[in-house]
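One structure is given here, and the rest of the page talks about it.
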Amino acid sequence: MADLERLTLLIVESNQGMRSQLRSMLNSFGIANVKFAPSAGAAISRLRDHRHDVILSEYNLGEGQDGQHLLEDLRNKEIIPLDTLFIMITGERNYERVISAAELAPDDYILKPLAPDMLRMRLQRAVEKRDTFLPVYRLVEAGETQQAIDACAARAETYPRYRIDFLRLEAELHAALGHSDQAEGIYRTILAAKVVPWARLGLAKMLFANKDYAAAEEILSTLVAENSRYVDAYDWLARTREETGHIEEARDVLTSAVALSPHRLGRLRHLGNVQLAVGDGPAAERTLAEVVRKGKYSDFRDPEDHVLLVRAQLSQGRTEEAQATIHDLESSMGGMPATPVCASLSKALYHTRTGAADLAQAALQDALQAGAALSSLSFDMKQELVKACLDNGMEAEGSQLVVDILRNAADERTVQKTRAILQERGHGDLSNELEERVHVEVRGLIAAGADRVKAGDFDGAVREMMAAVQKMPGNPHVLFNAALALLRHIENRGWNERLAAQARGLIARTRRLDPSNPRLDALSGFMQQLARKYNPRQSG
């Protein structure tokens with residue numbers, strides 16, 4: 001039986017009376033380490049700094065936030081580890097329908113009114129299940145993803161009551177490694193035994209990853225038709241329609257999703273972007289104004305949202321409103337690293353629209369001198385800067401931005417969009433020239449590191465490739481070869497924990513950027529081989 005007394009708990013509940021009631025119940029079980037958060041924001045702030053075994057969260061948290069939103073934020077932003085349990089407390093009798101249509105479901109949910117015996121039993125059950133999965137979680141946290149997959153398969157046989165759960169985790173780990181075919185096969189196995197919405201969504205996502213958009217769309221369309229509240233399926237259906245060029249249909253799908261779940265910043269932001277893409281300025285302004293308003297009270301607010309709102313306002317000639325948005329950006333987002341560059345870009349867009357070319361160029365120069373803040377911008381925002389530079393006769397500056405984008409673009413879609421921006425402005429030849437320049441630069445950096453390795457200069461190879469990483473921190477080819485240089489150093493000079501940690505980090509970054517890279521598994525295997533050979537745990 002699970003030892004509850006050693007648990008650390010966080011209760012997320014705005015009602016003081018309910019907080020006291022829960023603490024009394026938990027104390028009666030011997031659980032003394034109990035903390036409180038009165039809101040989702042307070043919970044996020046605490047969980048960034050403190051690890052807890054269990055989160056007990058009320059479903060209705062107020063301020064447009066609910067426990068399901070909180071769970072999604074905590075998992076998607078990787079604020080809590082895999083072994084932190086999230087248990088929902090709700091008076092919503094239809095909550096079972098809500099979580100049956102949720103890609104990220106809580107570990108358990110308990111309906112009010114609470115009974116102490118029921119709470120204790122559900123806590124014990126959740127902890128026992130968590131403990132069964134702990135060996136797999138530890139492997140995942142250590143970066144040993146393939147071993148975690150093998151452990152899932154083995155433990156599914158040992159613990160048949162959790163077979164579907166282990167299969168689900170195994171599929172998700174395969175997907176994280178870019179093994180979409182293997183993940184697809186597991187989801188089909190699950191569906192052969194039990195038709196569950198999350199497995200159908202998982203299958204659709206793997207079909208999407210394999211660019212089988214027609215099959216993915218068929219599954220997703222059926223999912224939303226059968227369960228109108230399956231908001232995650234709407235999101236993926238919109239992405240699928242965007243990918244196939246049906247941008248207006250994607251807009252319609254997202255509009256429906258936002259009507260069902262109006263408080264998710266990411267979903268609202270996506271809708272606003274799509275509305276801008278189809279030229280629906282008034283709708284985009286309404287949506288993005290809501291993003292900006294909600295963002296001010298969110299732990300995940302982003303100054304880039306103000307830039308998008310300025311774009312929507314200027315597309316309609318609403319210059320006074322755009323001015324007000326720029327002022328709001330500077331006053332409400334002060335202190336955030338990206339705020340100055342976003343404000344400068346917004347001013348450049350405003351001055352371009354009002355015909356003040358000199359002021360637009362001056363604002364763009366301010367944006368381009370933002371240093372690290374400029375590097376932290378999303379690719380979409382950097383592309384907005386490219387457009388603004390080219391529209392204001394700053395071809396050299398625009399070209400340098402394009403080079404920066406191409407150096408770090410991890411997906412072909414970003415490259416294609418950047419290429420289209422140049423071609424639309426009559427710079428198709430420049431696009432080809434800059435792409436070739438970056439290809440030559442990347443090949444040169446990788447070759448320089450390889451030459452050092454061949455010459456036996458392993459220290460020099462590491463210096464060369466880590467300098468390349470500093471220059472191109474988002475280029476998966478550079479990251480991959482830097483990790484390889486680090487491992488060659490270990491292979492020839494012996495174990496070095498600092499270099500090993502750097503290699504693990506680079507492999508993880510490469511996997512996030514380029515999960516389908518067929519050489520990643522071999523690189524991970526090489527690292528594991530070196531770890532076994534040198535047995536650093538004993539030598540340390």
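Going through the structure tokens in order, the chains are called A, B, and so on, while each chain numbers its residues from 1 and the ligands are numbered from 1 in the order shown.
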- Task: Write out as a list in words each polymer residue whose atoms come within 10 Å of A:His50, counting only C-alpha atoms; drop sequence neighbours fewer than 2 positions from it.
- Result: Leu10, Ile44, Ser45, Arg46, Leu47, Arg48, His52, Ile79 and Ile80 of chain A
Atoms kept (all heavy atoms) for selection, written as a compact mmCIF listing (two decimals), in the first residue's frame:
```txt
# COMPACT_ATOMS: atom_id res chain seq x y z
N LEU A 10 0.20 20.11 -3.17
CA LEU A 10 -0.19 21.49 -3.43
C LEU A 10 -1.68 21.50 -3.74
O LEU A 10 -2.13 20.79 -4.65
CB LEU A 10 0.58 22.08 -4.61
CG LEU A 10 0.18 23.51 -5.00
CD1 LEU A 10 0.58 24.49 -3.91
CD2 LEU A 10 0.80 23.92 -6.33
N ILE A 44 1.33 28.11 -10.75
CA ILE A 44 2.44 28.04 -11.71
C ILE A 44 3.70 28.63 -11.11
O ILE A 44 4.80 28.06 -11.23
CB ILE A 44 2.04 28.77 -13.01
CG1 ILE A 44 0.97 27.95 -13.75
CG2 ILE A 44 3.26 28.99 -13.90
CD1 ILE A 44 0.31 28.68 -14.89
N SER A 45 3.58 29.78 -10.43
CA SER A 45 4.75 30.42 -9.82
C SER A 45 5.39 29.50 -8.78
O SER A 45 6.62 29.35 -8.73
CB SER A 45 4.35 31.74 -9.16
OG SER A 45 3.87 32.65 -10.13
N ARG A 46 4.56 28.86 -7.95
CA ARG A 46 5.11 27.98 -6.92
C ARG A 46 5.74 26.73 -7.54
O ARG A 46 6.81 26.30 -7.11
CB ARG A 46 4.01 27.58 -5.93
CG ARG A 46 4.53 26.66 -4.86
CD ARG A 46 3.61 26.46 -3.68
NE ARG A 46 4.32 25.71 -2.65
CZ ARG A 46 5.15 26.23 -1.75
NH1 ARG A 46 5.34 27.53 -1.74
NH2 ARG A 46 5.77 25.47 -0.87
N LEU A 47 5.09 26.18 -8.56
CA LEU A 47 5.58 24.93 -9.14
C LEU A 47 6.85 25.12 -9.97
O LEU A 47 7.56 24.16 -10.24
CB LEU A 47 4.47 24.29 -9.99
CG LEU A 47 3.31 23.73 -9.16
CD1 LEU A 47 2.07 23.50 -10.03
CD2 LEU A 47 3.72 22.42 -8.47
N ARG A 48 7.10 26.33 -10.37
CA ARG A 48 8.39 26.60 -11.06
C ARG A 48 9.56 26.40 -10.09
O ARG A 48 10.66 26.05 -10.51
CB ARG A 48 8.42 28.04 -11.59
CG ARG A 48 7.56 28.30 -12.81
CD ARG A 48 7.85 29.70 -13.33
NE ARG A 48 6.88 30.18 -14.28
CZ ARG A 48 6.86 29.89 -15.58
NH1 ARG A 48 7.78 29.08 -16.07
NH2 ARG A 48 5.93 30.39 -16.37
N HIS A 52 6.41 19.01 -6.16
CA HIS A 52 5.39 18.40 -5.32
C HIS A 52 5.04 17.02 -5.87
O HIS A 52 5.09 16.80 -7.08
CB HIS A 52 4.13 19.26 -5.25
CG HIS A 52 4.32 20.57 -4.56
ND1 HIS A 52 5.00 21.61 -5.14
CD2 HIS A 52 3.93 20.99 -3.33
CE1 HIS A 52 5.01 22.64 -4.30
NE2 HIS A 52 4.38 22.29 -3.20
N ILE A 79 6.58 22.37 -16.71
CA ILE A 79 6.79 22.98 -15.40
C ILE A 79 6.79 21.91 -14.31
O ILE A 79 7.46 22.07 -13.28
CB ILE A 79 5.71 24.05 -15.15
CG1 ILE A 79 5.87 25.20 -16.16
CG2 ILE A 79 5.77 24.59 -13.73
CD1 ILE A 79 4.75 26.20 -16.14
N ILE A 80 6.05 20.83 -14.52
CA ILE A 80 6.05 19.74 -13.55
C ILE A 80 6.61 18.48 -14.22
O ILE A 80 6.43 18.27 -15.42
CB ILE A 80 4.65 19.46 -12.97
CG1 ILE A 80 3.65 19.13 -14.09
CG2 ILE A 80 4.18 20.64 -12.14
CD1 ILE A 80 2.27 18.73 -13.57
```
Write out as an mmCIF file with N, CA and C atoms, in the first residue's frame which residues come within 7 Å of A:Thr8 when counting only C-alpha atoms, dropping same-chain ones fewer than 2 positions away.
```cif
data_model
loop_
_atom_site.group_PDB
_atom_site.id
_atom_site.type_symbol
_atom_site.label_atom_id
_atom_site.label_comp_id
_atom_site.auth_asym_id
_atom_site.auth_seq_id
_atom_site.Cartn_x
_atom_site.Cartn_y
_atom_site.Cartn_z
ATOM 1 N N ARG A 6 4.445 10.484 3.379
ATOM 2 C CA ARG A 6 5.655 11.120 2.846
ATOM 3 C C ARG A 6 5.361 12.054 1.679
ATOM 4 N N ASN A 33 2.692 17.753 4.915
ATOM 5 C CA ASN A 33 3.364 18.711 4.019
ATOM 6 C C ASN A 33 2.386 19.158 2.940
ATOM 7 N N VAL A 34 1.554 20.149 3.287
ATOM 8 C CA VAL A 34 0.502 20.627 2.384
ATOM 9 C C VAL A 34 0.678 22.128 2.178
ATOM 10 N N HIS A 52 6.412 19.012 -6.164
ATOM 11 C CA HIS A 52 5.393 18.397 -5.317
ATOM 12 C C HIS A 52 5.043 17.016 -5.873
ATOM 13 N N ASP A 53 4.666 16.118 -4.966
ATOM 14 C CA ASP A 53 4.247 14.789 -5.406
ATOM 15 C C ASP A 53 2.861 14.817 -6.042
ATOM 16 N N VAL A 54 1.963 15.615 -5.453
ATOM 17 C CA VAL A 54 0.562 15.621 -5.886
ATOM 18 C C VAL A 54 0.052 17.063 -5.952
#
```
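Here atom CA of A:Ile421 stands at a distance of 22.7 Å from atom CA of A:Ala370.
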- Item | Nearby residues (only C-alpha atoms) at most 7 Å from A:Leu345, same-chain spacing under 6 positions excluded, as a ChimeraX atom specification | /A:363-364,367,385
Now that the selection is made, can you save its residues with N, CA and C atoms as an mmCIF file, in the first residue's frame?
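Now in again-v2.cif:
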```
data_model
loop_
_atom_site.group_PDB
_atom_site.id
_atom_site.type_symbol
_atom_site.label_atom_id
_atom_site.label_comp_id
_atom_site.auth_asym_id
_atom_site.auth_seq_id
_atom_site.Cartn_x
_atom_site.Cartn_y
_atom_site.Cartn_z
ATOM 1 N N ALA A 363 13.184 53.386 -36.627
ATOM 2 C CA ALA A 363 12.614 52.389 -35.711
ATOM 3 C C ALA A 363 13.160 51.000 -36.018
ATOM 4 N N LEU A 364 13.315 50.685 -37.294
ATOM 5 C CA LEU A 364 13.862 49.377 -37.668
ATOM 6 C C LEU A 364 15.313 49.238 -37.214
ATOM 7 N N ALA A 367 15.262 48.290 -33.700
ATOM 8 C CA ALA A 367 14.907 46.877 -33.542
ATOM 9 C C ALA A 367 16.094 45.977 -33.848
ATOM 10 N N LEU A 385 9.936 41.348 -39.452
ATOM 11 C CA LEU A 385 11.034 42.309 -39.553
ATOM 12 C C LEU A 385 11.638 42.330 -40.953
#
```
- Task: Would you kindly return, as a PyMOL selection string, each protein, DNA or RNA residue with an atom no farther than 8 Å from any atom of A:Ala250, considering only C-alpha atoms and excluding same-chain residues fewer than 5 positions away?
- Result: chain A and resi 237-242+274
- Task: May I have the residues within 12 Å of stretch 335-337 of chain A as a PyMOL selection string, using only C-alpha atoms and disregarding those fewer than 6 positions away in the same chain?
- Result: chain A and resi 299-304+329+343+370-377
Preceding selection exported with C-alpha atoms as a compact mmCIF listing (two decimals), in the first residue's frame:
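again_24.txt was written with the following content:
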```
# COMPACT_ATOMS: atom_id res chain seq x y z
CA ASP A 299 2.31 33.77 -16.84
CA PHE A 300 2.81 33.14 -20.56
CA ARG A 301 2.19 36.65 -21.93
CA ASP A 302 4.15 37.59 -25.02
CA PRO A 303 4.98 41.10 -26.37
CA GLU A 304 4.73 39.69 -29.89
CA LEU A 329 2.89 47.47 -25.18
CA ALA A 343 7.84 48.11 -29.73
CA ALA A 370 18.36 44.74 -29.86
CA GLY A 371 21.02 42.01 -29.58
CA ALA A 372 19.93 38.94 -27.61
CA ALA A 373 16.31 40.12 -27.55
CA LEU A 374 16.27 40.07 -31.34
CA SER A 375 17.63 36.51 -31.35
CA SER A 376 14.86 35.41 -28.98
CA LEU A 377 12.06 36.45 -31.34
```
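Each of A:Leu26, A:Leu85, A:Ala40, A:Leu368 was compared to A:Asp117 using only C-alpha atoms, and A:Leu26 turns out to be the nearest.
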- Contacts of A:Leu530 at 12 Å or less, counting only C-alpha atoms, minus same-chain residues fewer than 4 places along, as a PyMOL selection string? chain A and resi 486-497+500+503+523-526+534-536
- Note on the structure: re atom CA of A:Leu349 and atom CA of A:Gly295: distance 21.9 Å
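If you count only C-alpha atoms and ignore residues fewer than 6 places along the chain from A:Gly428, what sits within 12 Å of it is Ser399, Gln416, Thr418, Arg419, Ala420, Ile421, Leu422, Leu434 and Glu435 of chain A.
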Restricting it to all heavy atoms, dump the selection as a PDB file, in the first residue's frame.
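Saved the output as again-v6.pdb:
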```
ATOM      1  N   SER A 399      18.414  41.179 -45.702  1.00  0.00           N
ATOM      2  CA  SER A 399      19.172  39.993 -46.115  1.00  0.00           C
ATOM      3  C   SER A 399      19.864  39.340 -44.926  1.00  0.00           C
ATOM      4  O   SER A 399      19.895  38.108 -44.800  1.00  0.00           O
ATOM      5  CB  SER A 399      20.206  40.377 -47.172  1.00  0.00           C
ATOM      6  OG  SER A 399      19.589  40.859 -48.346  1.00  0.00           O
ATOM      7  N   GLN A 416      10.384  27.834 -46.589  1.00  0.00           N
ATOM      8  CA  GLN A 416       9.472  28.155 -47.698  1.00  0.00           C
ATOM      9  C   GLN A 416       8.788  29.492 -47.497  1.00  0.00           C
ATOM     10  O   GLN A 416       8.641  30.286 -48.433  1.00  0.00           O
ATOM     11  CB  GLN A 416       8.434  27.046 -47.846  1.00  0.00           C
ATOM     12  CG  GLN A 416       8.993  25.735 -48.371  1.00  0.00           C
ATOM     13  CD  GLN A 416       7.963  24.624 -48.377  1.00  0.00           C
ATOM     14  OE1 GLN A 416       6.871  24.755 -47.821  1.00  0.00           O
ATOM     15  NE2 GLN A 416       8.305  23.493 -48.994  1.00  0.00           N
ATOM     16  N   THR A 418       9.905  32.043 -45.738  1.00  0.00           N
ATOM     17  CA  THR A 418      10.911  33.092 -45.907  1.00  0.00           C
ATOM     18  C   THR A 418      11.197  33.310 -47.391  1.00  0.00           C
ATOM     19  O   THR A 418      11.309  34.450 -47.864  1.00  0.00           O
ATOM     20  CB  THR A 418      12.204  32.714 -45.165  1.00  0.00           C
ATOM     21  OG1 THR A 418      11.895  32.416 -43.796  1.00  0.00           O
ATOM     22  CG2 THR A 418      13.214  33.848 -45.221  1.00  0.00           C
ATOM     23  N   ARG A 419      11.283  32.214 -48.128  1.00  0.00           N
ATOM     24  CA  ARG A 419      11.506  32.297 -49.575  1.00  0.00           C
ATOM     25  C   ARG A 419      10.368  33.054 -50.249  1.00  0.00           C
ATOM     26  O   ARG A 419      10.597  33.908 -51.122  1.00  0.00           O
ATOM     27  CB  ARG A 419      11.621  30.875 -50.125  1.00  0.00           C
ATOM     28  CG  ARG A 419      12.056  30.767 -51.581  1.00  0.00           C
ATOM     29  CD  ARG A 419      12.050  29.300 -51.984  1.00  0.00           C
ATOM     30  NE  ARG A 419      12.993  28.519 -51.217  1.00  0.00           N
ATOM     31  CZ  ARG A 419      12.777  27.261 -50.809  1.00  0.00           C
ATOM     32  NH1 ARG A 419      11.617  26.670 -51.075  1.00  0.00           N
ATOM     33  NH2 ARG A 419      13.702  26.613 -50.137  1.00  0.00           N
ATOM     34  N   ALA A 420       9.136  32.758 -49.822  1.00  0.00           N
ATOM     35  CA  ALA A 420       7.968  33.419 -50.419  1.00  0.00           C
ATOM     36  C   ALA A 420       7.972  34.922 -50.143  1.00  0.00           C
ATOM     37  O   ALA A 420       7.589  35.722 -51.005  1.00  0.00           O
ATOM     38  CB  ALA A 420       6.686  32.788 -49.884  1.00  0.00           C
ATOM     39  N   ILE A 421       8.407  35.324 -48.941  1.00  0.00           N
ATOM     40  CA  ILE A 421       8.479  36.754 -48.609  1.00  0.00           C
ATOM     41  C   ILE A 421       9.395  37.479 -49.584  1.00  0.00           C
ATOM     42  O   ILE A 421       9.063  38.568 -50.081  1.00  0.00           O
ATOM     43  CB  ILE A 421       8.962  36.928 -47.154  1.00  0.00           C
ATOM     44  CG1 ILE A 421       7.878  36.484 -46.175  1.00  0.00           C
ATOM     45  CG2 ILE A 421       9.363  38.381 -46.879  1.00  0.00           C
ATOM     46  CD1 ILE A 421       8.358  36.390 -44.732  1.00  0.00           C
ATOM     47  N   LEU A 422      10.553  36.890 -49.863  1.00  0.00           N
ATOM     48  CA  LEU A 422      11.501  37.518 -50.785  1.00  0.00           C
ATOM     49  C   LEU A 422      10.957  37.532 -52.209  1.00  0.00           C
ATOM     50  O   LEU A 422      11.063  38.532 -52.922  1.00  0.00           O
ATOM     51  CB  LEU A 422      12.838  36.785 -50.737  1.00  0.00           C
ATOM     52  CG  LEU A 422      13.620  36.918 -49.418  1.00  0.00           C
ATOM     53  CD1 LEU A 422      14.823  35.989 -49.406  1.00  0.00           C
ATOM     54  CD2 LEU A 422      14.081  38.355 -49.213  1.00  0.00           C
ATOM     55  N   LEU A 434      21.057  33.626 -50.881  1.00  0.00           N
ATOM     56  CA  LEU A 434      21.222  33.543 -49.435  1.00  0.00           C
ATOM     57  C   LEU A 434      21.128  32.104 -48.945  1.00  0.00           C
ATOM     58  O   LEU A 434      21.866  31.684 -48.044  1.00  0.00           O
ATOM     59  CB  LEU A 434      20.173  34.407 -48.736  1.00  0.00           C
ATOM     60  CG  LEU A 434      20.277  35.920 -48.985  1.00  0.00           C
ATOM     61  CD1 LEU A 434      19.142  36.654 -48.284  1.00  0.00           C
ATOM     62  CD2 LEU A 434      21.627  36.455 -48.514  1.00  0.00           C
ATOM     63  N   GLU A 435      20.211  31.307 -49.521  1.00  0.00           N
ATOM     64  CA  GLU A 435      20.101  29.902 -49.128  1.00  0.00           C
ATOM     65  C   GLU A 435      21.390  29.156 -49.420  1.00  0.00           C
ATOM     66  O   GLU A 435      21.868  28.366 -48.602  1.00  0.00           O
ATOM     67  CB  GLU A 435      18.923  29.251 -49.846  1.00  0.00           C
ATOM     68  CG  GLU A 435      17.562  29.684 -49.316  1.00  0.00           C
ATOM     69  CD  GLU A 435      16.412  28.981 -50.004  1.00  0.00           C
ATOM     70  OE1 GLU A 435      16.454  27.742 -50.088  1.00  0.00           O
ATOM     71  OE2 GLU A 435      15.472  29.669 -50.460  1.00  0.00           O
TER      72      GLU A 435
END
```
- Residues of stretch 232-422 of chain A in alpha helix (DSSP H), written as number ranges by chain: A: 232-243, 247-260, 265-277, 281-295, 304-314, 319-332, 339-353, 357-368, 372-375, 379-391, 395-408, 412-422
